[in-house]
Each structure stands twice: as structure tokens, then as C-alpha cells.
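Asks: File follows, data-v5.pdb with PDB, C-alpha atoms, pLDDT in the B column:
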```pdb
ATOM      1  CA  MET A   1      52.045  11.462  20.790  1.00 45.00           C
ATOM      2  CA  SER A   2      49.402  10.184  23.195  1.00 47.00           C
ATOM      3  CA  LYS A   3      48.143   7.795  20.524  1.00 47.00           C
ATOM      4  CA  ILE A   4      51.631   6.333  20.199  1.00 45.00           C
ATOM      5  CA  LYS A   5      51.672   5.772  23.946  1.00 46.00           C
ATOM      6  CA  GLU A   6      48.411   3.869  23.709  1.00 51.00           C
ATOM      7  CA  MET A   7      49.658   1.706  20.811  1.00 50.00           C
ATOM      8  CA  LEU A   8      53.078   0.965  22.322  1.00 47.00           C
ATOM      9  CA  PRO A   9      52.677   1.368  26.104  1.00 49.00           C
ATOM     10  CA  GLY A  10      55.901  -0.432  26.952  1.00 49.00           C
ATOM     11  CA  LYS A  11      58.079   1.704  24.700  1.00 48.00           C
ATOM     12  CA  ALA A  12      56.063   4.912  24.500  1.00 46.00           C
ATOM     13  CA  LYS A  13      58.384   6.843  26.802  1.00 48.00           C
ATOM     14  CA  ASP A  14      61.500   5.800  24.907  1.00 53.00           C
ATOM     15  CA  LEU A  15      59.840   6.538  21.566  1.00 49.00           C
ATOM     16  CA  GLU A  16      58.682   9.948  22.756  1.00 50.00           C
ATOM     17  CA  SER A  17      62.110  10.914  24.020  1.00 54.00           C
ATOM     18  CA  GLY A  18      63.648   9.649  20.796  1.00 53.00           C
ATOM     19  CA  LEU A  19      61.286  11.705  18.678  1.00 48.00           C
ATOM     20  CA  GLU A  20      61.860  14.816  20.742  1.00 51.00           C
ATOM     21  CA  SER A  21      65.634  14.384  20.528  1.00 52.00           C
ATOM     22  CA  ILE A  22      65.381  14.636  16.740  1.00 49.00           C
ATOM     23  CA  VAL A  23      65.153  18.420  17.119  1.00 49.00           C
ATOM     24  CA  PRO A  24      68.121  19.372  19.366  1.00 53.00           C
ATOM     25  CA  GLU A  25      68.638  22.876  20.674  1.00 53.00           C
ATOM     26  CA  GLY A  26      70.579  25.270  18.479  1.00 51.00           C
ATOM     27  CA  LEU A  27      69.692  23.511  15.232  1.00 53.00           C
ATOM     28  CA  SER A  28      69.237  25.746  12.220  1.00 64.00           C
ATOM     29  CA  GLU A  29      65.736  26.618  11.087  1.00 69.00           C
ATOM     30  CA  ARG A  30      66.026  24.479   7.956  1.00 68.00           C
ATOM     31  CA  GLY A  31      67.450  21.556   9.903  1.00 64.00           C
ATOM     32  CA  ALA A  32      64.688  21.868  12.473  1.00 65.00           C
ATOM     33  CA  ALA A  33      62.093  21.763   9.694  1.00 69.00           C
ATOM     34  CA  VAL A  34      63.635  18.590   8.244  1.00 65.00           C
ATOM     35  CA  ALA A  35      63.796  16.972  11.677  1.00 66.00           C
ATOM     36  CA  GLY A  36      60.189  17.973  12.287  1.00 68.00           C
ATOM     37  CA  ARG A  37      59.111  16.253   9.091  1.00 71.00           C
ATOM     38  CA  ALA A  38      61.005  13.146  10.149  1.00 67.00           C
ATOM     39  CA  ARG A  39      59.192  13.178  13.479  1.00 69.00           C
ATOM     40  CA  GLU A  40      55.836  13.577  11.738  1.00 67.00           C
ATOM     41  CA  PHE A  41      56.713  10.685   9.430  1.00 58.00           C
ATOM     42  CA  LEU A  42      57.501   8.398  12.373  1.00 60.00           C
ATOM     43  CA  GLU A  43      54.305   9.378  14.134  1.00 62.00           C
ATOM     44  CA  TRP A  44      52.313   8.737  10.950  1.00 58.00           C
ATOM     45  CA  THR A  45      54.052   5.389  10.456  1.00 57.00           C
ATOM     46  CA  PHE A  46      53.206   4.073  13.910  1.00 58.00           C
ATOM     47  CA  ARG A  47      49.708   5.596  13.959  1.00 61.00           C
ATOM     48  CA  ASP A  48      48.387   5.041  10.416  1.00 59.00           C
ATOM     49  CA  VAL A  49      50.562   2.669   8.399  1.00 59.00           C
ATOM     50  CA  PHE A  50      50.956  -0.155  10.918  1.00 66.00           C
ATOM     51  CA  ASP A  51      47.394  -0.143  12.166  1.00 73.00           C
ATOM     52  CA  TRP A  52      47.545  -3.798  13.230  1.00 80.00           C
ATOM     53  CA  ASN A  53      44.524  -5.859  12.280  1.00 83.00           C
ATOM     54  CA  PRO A  54      44.814  -9.368  13.822  1.00 84.00           C
ATOM     55  CA  GLN A  55      41.028  -9.790  13.653  1.00 88.00           C
ATOM     56  CA  TYR A  56      41.417 -10.216   9.891  1.00 89.00           C
ATOM     57  CA  LEU A  57      42.662 -13.777  10.387  1.00 89.00           C
ATOM     58  CA  LYS A  58      39.539 -14.673  12.370  1.00 89.00           C
ATOM     59  CA  GLY A  59      37.133 -13.762   9.564  1.00 89.00           C
ATOM     60  CA  VAL A  60      36.149 -15.728   6.469  1.00 91.00           C
ATOM     61  CA  ARG A  61      38.312 -13.545   4.216  1.00 91.00           C
ATOM     62  CA  GLY A  62      41.412 -14.088   6.322  1.00 92.00           C
ATOM     63  CA  ILE A  63      40.909 -17.839   6.622  1.00 94.00           C
ATOM     64  CA  LEU A  64      40.421 -18.202   2.867  1.00 94.00           C
ATOM     65  CA  ASP A  65      43.486 -16.053   2.195  1.00 95.00           C
ATOM     66  CA  VAL A  66      45.602 -18.259   4.466  1.00 95.00           C
ATOM     67  CA  CYS A  67      44.315 -21.337   2.612  1.00 95.00           C
ATOM     68  CA  GLU A  68      45.194 -19.759  -0.740  1.00 95.00           C
ATOM     69  CA  VAL A  69      48.733 -18.968   0.407  1.00 96.00           C
ATOM     70  CA  ALA A  70      49.203 -22.466   1.864  1.00 96.00           C
ATOM     71  CA  PHE A  71      47.871 -24.219  -1.253  1.00 96.00           C
ATOM     72  CA  GLY A  72      50.062 -22.058  -3.483  1.00 95.00           C
ATOM     73  CA  LEU A  73      53.173 -22.912  -1.471  1.00 95.00           C
ATOM     74  CA  LEU A  74      52.383 -26.642  -1.544  1.00 95.00           C
ATOM     75  CA  ILE A  75      51.866 -26.544  -5.312  1.00 93.00           C
ATOM     76  CA  LEU A  76      55.218 -24.809  -5.745  1.00 90.00           C
ATOM     77  CA  CYS A  77      56.946 -27.487  -3.676  1.00 89.00           C
ATOM     78  CA  LEU A  78      55.301 -30.440  -5.441  1.00 88.00           C
ATOM     79  CA  VAL A  79      55.590 -29.182  -9.014  1.00 87.00           C
ATOM     80  CA  GLY A  80      59.051 -27.744  -8.420  1.00 82.00           C
ATOM     81  CA  SER A  81      60.295 -31.064  -7.071  1.00 81.00           C
ATOM     82  CA  ASN A  82      58.830 -32.822 -10.100  1.00 76.00           C
ATOM     83  CA  CYS A  83      60.594 -30.410 -12.467  1.00 74.00           C
ATOM     84  CA  GLN A  84      63.916 -30.961 -10.732  1.00 72.00           C
ATOM     85  CA  ASN A  85      63.539 -34.743 -11.001  1.00 67.00           C
ATOM     86  CA  LEU A  86      62.684 -34.447 -14.687  1.00 63.00           C
ATOM     87  CA  ALA A  87      65.799 -32.348 -15.319  1.00 56.00           C
ATOM     88  CA  SER A  88      67.943 -34.878 -13.447  1.00 56.00           C
ATOM     89  CA  GLU A  89      66.574 -37.706 -15.573  1.00 56.00           C
ATOM     90  CA  ALA A  90      67.411 -35.787 -18.745  1.00 53.00           C
ATOM     91  CA  ASN A  91      70.964 -35.069 -17.595  1.00 55.00           C
ATOM     92  CA  SER A  92      72.035 -36.478 -14.245  1.00 54.00           C
ATOM     93  CA  GLU A  93      75.354 -34.634 -14.321  1.00 53.00           C
ATOM     94  CA  ILE A  94      74.018 -31.144 -14.939  1.00 51.00           C
ATOM     95  CA  GLY A  95      70.561 -31.401 -13.360  1.00 53.00           C
ATOM     96  CA  GLY A  96      68.697 -28.101 -13.301  1.00 55.00           C
ATOM     97  CA  PHE A  97      65.032 -27.228 -13.587  1.00 56.00           C
ATOM     98  CA  TYR A  98      62.915 -28.459 -16.486  1.00 62.00           C
ATOM     99  CA  CYS A  99      59.126 -28.639 -16.627  1.00 68.00           C
ATOM    100  CA  ARG A 100      56.619 -29.986 -19.097  1.00 73.00           C
ATOM    101  CA  ASN A 101      54.116 -27.537 -20.568  1.00 72.00           C
ATOM    102  CA  SER A 102      51.311 -28.306 -18.129  1.00 72.00           C
ATOM    103  CA  ASP A 103      53.769 -28.286 -15.215  1.00 79.00           C
ATOM    104  CA  THR A 104      55.183 -24.921 -16.284  1.00 83.00           C
ATOM    105  CA  PHE A 105      51.762 -23.289 -16.535  1.00 88.00           C
ATOM    106  CA  LEU A 106      50.640 -24.416 -13.075  1.00 89.00           C
ATOM    107  CA  PHE A 107      54.019 -23.570 -11.559  1.00 89.00           C
ATOM    108  CA  VAL A 108      53.923 -19.998 -12.916  1.00 90.00           C
ATOM    109  CA  VAL A 109      50.311 -19.519 -11.780  1.00 94.00           C
ATOM    110  CA  ALA A 110      51.113 -20.909  -8.316  1.00 94.00           C
ATOM    111  CA  ALA A 111      54.225 -18.727  -7.974  1.00 93.00           C
ATOM    112  CA  SER A 112      52.451 -15.502  -8.940  1.00 95.00           C
ATOM    113  CA  GLY A 113      49.377 -16.408  -6.879  1.00 94.00           C
ATOM    114  CA  PHE A 114      51.486 -17.244  -3.829  1.00 96.00           C
ATOM    115  CA  PHE A 115      53.364 -13.944  -3.851  1.00 95.00           C
ATOM    116  CA  ALA A 116      50.282 -11.862  -4.697  1.00 94.00           C
ATOM    117  CA  SER A 117      48.133 -13.536  -2.027  1.00 94.00           C
ATOM    118  CA  THR A 118      50.908 -13.269   0.566  1.00 95.00           C
ATOM    119  CA  LEU A 119      51.248  -9.536  -0.147  1.00 93.00           C
ATOM    120  CA  HIS A 120      47.473  -9.092   0.042  1.00 93.00           C
ATOM    121  CA  LEU A 121      47.337 -11.010   3.323  1.00 93.00           C
ATOM    122  CA  LEU A 122      50.143  -8.956   4.887  1.00 91.00           C
ATOM    123  CA  CYS A 123      48.616  -5.651   3.759  1.00 87.00           C
ATOM    124  CA  CYS A 124      45.263  -6.500   5.342  1.00 88.00           C
ATOM    125  CA  LEU A 125      46.895  -7.931   8.469  1.00 88.00           C
ATOM    126  CA  LEU A 126      49.270  -5.024   9.107  1.00 85.00           C
ATOM    127  CA  SER A 127      46.826  -2.221   8.359  1.00 82.00           C
ATOM    128  CA  LYS A 128      43.112  -2.130   9.077  1.00 84.00           C
ATOM    129  CA  LYS A 129      42.751   0.992   6.946  1.00 83.00           C
ATOM    130  CA  THR A 130      44.279  -0.814   3.957  1.00 82.00           C
ATOM    131  CA  ASP A 131      41.964  -3.744   4.592  1.00 85.00           C
ATOM    132  CA  GLU A 132      38.925  -1.460   4.585  1.00 85.00           C
ATOM    133  CA  ARG A 133      40.042   0.389   1.448  1.00 85.00           C
ATOM    134  CA  LEU A 134      40.651  -2.844  -0.475  1.00 86.00           C
ATOM    135  CA  TRP A 135      37.295  -4.200   0.683  1.00 87.00           C
ATOM    136  CA  ALA A 136      35.576  -1.038  -0.551  1.00 85.00           C
ATOM    137  CA  THR A 137      36.872  -1.482  -4.126  1.00 86.00           C
ATOM    138  CA  THR A 138      36.338  -4.132  -6.815  1.00 86.00           C
ATOM    139  CA  TYR A 139      40.035  -5.034  -6.711  1.00 87.00           C
ATOM    140  CA  GLU A 140      39.477  -8.117  -4.575  1.00 88.00           C
ATOM    141  CA  MET A 141      36.698  -9.426  -6.796  1.00 90.00           C
ATOM    142  CA  VAL A 142      38.854  -9.108  -9.935  1.00 92.00           C
ATOM    143  CA  PHE A 143      41.863 -10.575  -8.116  1.00 94.00           C
ATOM    144  CA  TYR A 144      39.972 -13.645  -6.879  1.00 95.00           C
ATOM    145  CA  ILE A 145      38.201 -14.324 -10.183  1.00 95.00           C
ATOM    146  CA  PHE A 146      41.465 -13.972 -12.122  1.00 95.00           C
ATOM    147  CA  TYR A 147      43.329 -16.525 -10.047  1.00 96.00           C
ATOM    148  CA  ALA A 148      40.324 -18.833  -9.708  1.00 96.00           C
ATOM    149  CA  ALA A 149      40.197 -19.145 -13.494  1.00 96.00           C
ATOM    150  CA  PHE A 150      43.934 -19.724 -13.855  1.00 95.00           C
ATOM    151  CA  PHE A 151      44.117 -22.286 -11.058  1.00 96.00           C
ATOM    152  CA  PHE A 152      41.140 -24.122 -12.551  1.00 96.00           C
ATOM    153  CA  PHE A 153      42.756 -24.424 -15.980  1.00 94.00           C
ATOM    154  CA  GLY A 154      46.166 -25.175 -14.475  1.00 92.00           C
ATOM    155  CA  GLY A 155      44.871 -27.883 -12.138  1.00 92.00           C
ATOM    156  CA  ILE A 156      42.745 -29.546 -14.818  1.00 93.00           C
ATOM    157  CA  ALA A 157      45.576 -29.423 -17.362  1.00 90.00           C
ATOM    158  CA  MET A 158      48.034 -30.910 -14.874  1.00 88.00           C
ATOM    159  CA  THR A 159      45.876 -33.801 -13.738  1.00 90.00           C
ATOM    160  CA  SER A 160      44.616 -34.676 -17.231  1.00 90.00           C
ATOM    161  CA  SER A 161      48.123 -34.532 -18.722  1.00 85.00           C
ATOM    162  CA  VAL A 162      49.629 -36.777 -16.062  1.00 84.00           C
ATOM    163  CA  SER A 163      46.712 -39.215 -16.207  1.00 85.00           C
ATOM    164  CA  SER A 164      46.844 -39.504 -19.996  1.00 83.00           C
ATOM    165  CA  ARG A 165      50.628 -40.046 -20.011  1.00 78.00           C
ATOM    166  CA  ASN A 166      50.406 -42.880 -17.495  1.00 76.00           C
ATOM    167  CA  SER A 167      47.146 -44.447 -18.670  1.00 76.00           C
ATOM    168  CA  GLY A 168      47.631 -48.156 -19.372  1.00 70.00           C
ATOM    169  CA  GLN A 169      51.265 -48.105 -18.234  1.00 70.00           C
ATOM    170  CA  PHE A 170      52.586 -50.953 -16.115  1.00 71.00           C
ATOM    171  CA  LYS A 171      54.752 -48.544 -14.153  1.00 76.00           C
ATOM    172  CA  VAL A 172      53.903 -44.884 -13.671  1.00 72.00           C
ATOM    173  CA  GLU A 173      56.486 -42.161 -14.230  1.00 71.00           C
ATOM    174  CA  ASP A 174      58.691 -40.844 -11.455  1.00 73.00           C
ATOM    175  CA  GLY A 175      57.082 -37.947  -9.669  1.00 73.00           C
ATOM    176  CA  TYR A 176      53.591 -39.160 -10.590  1.00 77.00           C
ATOM    177  CA  ASN A 177      52.227 -38.580  -7.077  1.00 84.00           C
ATOM    178  CA  ASN A 178      53.744 -35.094  -6.903  1.00 83.00           C
ATOM    179  CA  ALA A 179      52.246 -34.164 -10.259  1.00 84.00           C
ATOM    180  CA  ILE A 180      48.792 -35.478  -9.351  1.00 88.00           C
ATOM    181  CA  GLY A 181      48.998 -33.814  -5.944  1.00 90.00           C
ATOM    182  CA  GLY A 182      49.932 -30.496  -7.541  1.00 90.00           C
ATOM    183  CA  GLY A 183      47.003 -30.726  -9.952  1.00 91.00           C
ATOM    184  CA  VAL A 184      44.542 -31.605  -7.188  1.00 93.00           C
ATOM    185  CA  LEU A 185      45.803 -28.744  -5.020  1.00 94.00           C
ATOM    186  CA  GLY A 186      45.412 -26.448  -8.024  1.00 94.00           C
ATOM    187  CA  ILE A 187      41.731 -27.405  -8.190  1.00 95.00           C
ATOM    188  CA  MET A 188      41.413 -26.906  -4.421  1.00 96.00           C
ATOM    189  CA  ASN A 189      42.948 -23.456  -4.751  1.00 96.00           C
ATOM    190  CA  PHE A 190      40.426 -22.725  -7.495  1.00 96.00           C
ATOM    191  CA  ILE A 191      37.710 -23.553  -4.964  1.00 96.00           C
ATOM    192  CA  ALA A 192      39.344 -21.283  -2.345  1.00 96.00           C
ATOM    193  CA  TYR A 193      39.612 -18.307  -4.710  1.00 96.00           C
ATOM    194  CA  THR A 194      36.068 -18.907  -5.945  1.00 96.00           C
ATOM    195  CA  GLY A 195      34.886 -18.938  -2.335  1.00 95.00           C
ATOM    196  CA  SER A 196      36.638 -15.620  -1.698  1.00 94.00           C
ATOM    197  CA  ALA A 197      35.022 -14.075  -4.769  1.00 94.00           C
ATOM    198  CA  ALA A 198      31.598 -15.416  -3.768  1.00 94.00           C
ATOM    199  CA  TRP A 199      32.005 -14.114  -0.207  1.00 92.00           C
ATOM    200  CA  PHE A 200      32.973 -10.682  -1.514  1.00 91.00           C
ATOM    201  CA  PHE A 201      29.971 -10.609  -3.861  1.00 90.00           C
ATOM    202  CA  VAL A 202      27.448 -11.774  -1.252  1.00 90.00           C
ATOM    203  CA  GLN A 203      28.679  -9.376   1.433  1.00 88.00           C
ATOM    204  CA  HIS A 204      28.594  -6.359  -0.880  1.00 83.00           C
ATOM    205  CA  LYS A 205      25.221  -7.351  -2.271  1.00 81.00           C
ATOM    206  CA  ASN A 206      23.746  -7.604   1.232  1.00 79.00           C
ATOM    207  CA  LYS A 207      25.358  -4.293   2.196  1.00 75.00           C
ATOM    208  CA  ASN A 208      23.953  -2.511  -0.840  1.00 69.00           C
ATOM    209  CA  GLY A 209      20.595  -4.185  -0.333  1.00 61.00           C
ATOM    210  CA  ASN A 210      20.348  -2.893   3.189  1.00 57.00           C
TER     211      ASN A 210
END
```
Show me the file's structure as C-alpha cells.
Replies:
Amino acid sequence: MSKIKEMLPGKAKDLESGLESIVPEGLSERGAAVAGRAREFLEWTFRDVFDWNPQYLKGVRGILDVCEVAFGLLILCLVGSNCQNLASEANSEIGGFYCRNSDTFLFVVAASGFFASTLHLLCCLLSKKTDERLWATTYEMVFYIFYAAFFFFGGIAMTSSVSSRNSGQFKVEDGYNNAIGGGVLGIMNFIAYTGSAAWFFVQHKNKNGN
């Protein structure tokens, strides 16, 4: 309980009284046991699960993760807007969401990468223990390499497809800038994920070398 007071000094007294009130007088033995487990769960939650780690955002890993999330969100906005415009051109009355092959591939990669990177960022930010456990495994290396490869192919496919479609045209297609921007951001996200993988490799190599 003292650790909870240290973590939440402003609300420690209220939290303590609330936890103690879980086991009222006269409660049956079985009920008291259940209430005791609930109290232990709350203590464990505040002490171990939400072990806040704001320093994560100040390190290279955190900064790169924020860049990956931001690039993924921008790609979703640009490519998604392009797909909506394309569907409106095909049928202005119905509209909808329609993407070309290259657009679809990059959109799916960006969507999965955005959600996965956001979850990874939140896990490391909300719990220092989770951050340390992830850093101690090869999960991050595999994760970064996987998305680096997919963003590379998606960004290259997007930019080359748009460039070839509009090469020699007097007027470029609608959404040309969005498509090119999405492809370029895909390549930039490839660089960010590659940087994360390289940082992971170098840090673990130096650690093992020492």
C-alpha cells in the first residue's frame, strides 16, 4: 500500500480507504477471500501494470516509434482520400471506397503498421517492465524488419505506378499529389523502421560485446 501512496500521492488516502472498504465487517469467509483477491488485483494493477515510462519518448526508440505512427497515419489519410475520389469518379451517386492495386497494398500495410506501432508505443509508454521485456527479445527486430520490407515495396509500387500512369500526360489524374505523397511517405516509413531495426541490432551487439 505504501508503494501506491508513492505513485499516487494526491489520491493515495482515498485509494487506500477504498481498497480497505472492499472487505467490510461481517462478510462471509468466501466473500472476504474474493474481495481480498480484488484488492490484490487493484494493487497489482497500479503497481506493476501501469508502471509509467515517459522517458521512453525521449530515447531514440520512442522518437522513431512516434515517427512511424505519424507516417502511417498520414499515409492512411492520403491514400484513403485518393481511394474515395476514385470511387466518386466511377459512380458519383453511390461513391464509396475503391483503390487501385498499388493503392490497396500500401493502404493495408499502412493500416496494419499504424495500429501495430501505436499498440507497441502505448505498451512501452504505459509500462516500463513491458518495455524492458520487449527490448530483451527478438520481437522488435522481427517487427521492424517485417514492416520495413512491406513499406519499401508499398512505397516503391505506389510511386512507380502513379508516375507511369501519368508519364507524358498533358494533365495528371485527380489525386496525383496525394498518391505521390503517400508513396514518398511509405519510403520514409521504410527508413524509420529500418532505423529502428538498426538501432536494436547495434545496441544489443554492443551490450553482448561488453
Asks: Quick check on the file I pasted: which residues fall under the PyMOL selection byres ((chain A and resi 141) around 10)? Write them as JSON, numbers by chain.
Replies: {"A": [134, 135, 137, 138, 139, 140, 142, 143, 144, 145, 146, 193, 194, 196, 197, 198, 199, 200, 201]}
Asks: For CA of Ser167 (chain A) and CA of Ile75 (chain A), determine how far apart the two atoms are, in Å to one decimal place.
Replies: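 CA of Ile75 (chain A) lies 22.8 Å from CA of Ser167 (chain A).
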Asks: Once the PyMOL selection byres ((chain A and resi 156) around 12) has been applied to the shown file, what residues remain in the selection, as a PyMOL selection string?
Replies: chain A and resi 102-103+105-106+149-155+157-164+179-190
Asks: Export C-alpha atoms of the chosen residues as a short mmCIF file (atom, residue, chain, number, x, y, z; two decimals), in the frame of the given file?
Replies:
```cif
data_model
loop_
_atom_site.label_atom_id
_atom_site.label_comp_id
_atom_site.auth_asym_id
_atom_site.auth_seq_id
_atom_site.Cartn_x
_atom_site.Cartn_y
_atom_site.Cartn_z
CA SER A 102 51.31 -28.31 -18.13
CA ASP A 103 53.77 -28.29 -15.22
CA PHE A 105 51.76 -23.29 -16.54
CA LEU A 106 50.64 -24.42 -13.08
CA ALA A 149 40.20 -19.14 -13.49
CA PHE A 150 43.93 -19.72 -13.86
CA PHE A 151 44.12 -22.29 -11.06
CA PHE A 152 41.14 -24.12 -12.55
CA PHE A 153 42.76 -24.42 -15.98
CA GLY A 154 46.17 -25.18 -14.48
CA GLY A 155 44.87 -27.88 -12.14
CA ALA A 157 45.58 -29.42 -17.36
CA MET A 158 48.03 -30.91 -14.87
CA THR A 159 45.88 -33.80 -13.74
CA SER A 160 44.62 -34.68 -17.23
CA SER A 161 48.12 -34.53 -18.72
CA VAL A 162 49.63 -36.78 -16.06
CA SER A 163 46.71 -39.22 -16.21
CA SER A 164 46.84 -39.50 -20.00
CA ALA A 179 52.25 -34.16 -10.26
CA ILE A 180 48.79 -35.48 -9.35
CA GLY A 181 49.00 -33.81 -5.94
CA GLY A 182 49.93 -30.50 -7.54
CA GLY A 183 47.00 -30.73 -9.95
CA VAL A 184 44.54 -31.60 -7.19
CA LEU A 185 45.80 -28.74 -5.02
CA GLY A 186 45.41 -26.45 -8.02
CA ILE A 187 41.73 -27.40 -8.19
CA MET A 188 41.41 -26.91 -4.42
CA ASN A 189 42.95 -23.46 -4.75
CA PHE A 190 40.43 -22.72 -7.50
#
```
Asks: Quick one: what's the axis-aligned box for region 128-131 of chain A, all listed atoms, 8 Å on every side, centre and edges in Å to one decimal, as AutoDock Vina command-line options?
Replies:
```
--center_x 43.1 --center_y -1.4 --center_z 6.5 --size_x 18.3 --size_y 20.7 --size_z 21.1
```
Asks: So how far away is CA of Ala111 (chain A) from CA of Lys128 (chain A), in Å?
Replies: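 Spanning CA of Lys128 (chain A) to CA of Ala111 (chain A) is a straight-line distance of 26.3 Å.
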Asks: In Å to one decimal, how far is CA of Phe71 (chain A) from CA of Arg133 (chain A)?
Replies: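 Pair CA of Arg133 (chain A) / CA of Phe71 (chain A) returns 26.0 Å.
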Asks: Got a sec to check which residues sit within 10 Å of (51.4, -23.3, -3.1), counting only C-alpha atoms, and write them as a ChimeraX atom specification?
Replies: /A:67-79,107,109-115,182,185-186,189
Asks: With distances taken over only C-alpha atoms, which residue among A:Val60, A:Ala136, A:Cys83, A:Cys123 lies nearest Lys207 (chain A)?
Replies: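 For Lys207 (chain A), the nearest of the candidates is A:Ala136.
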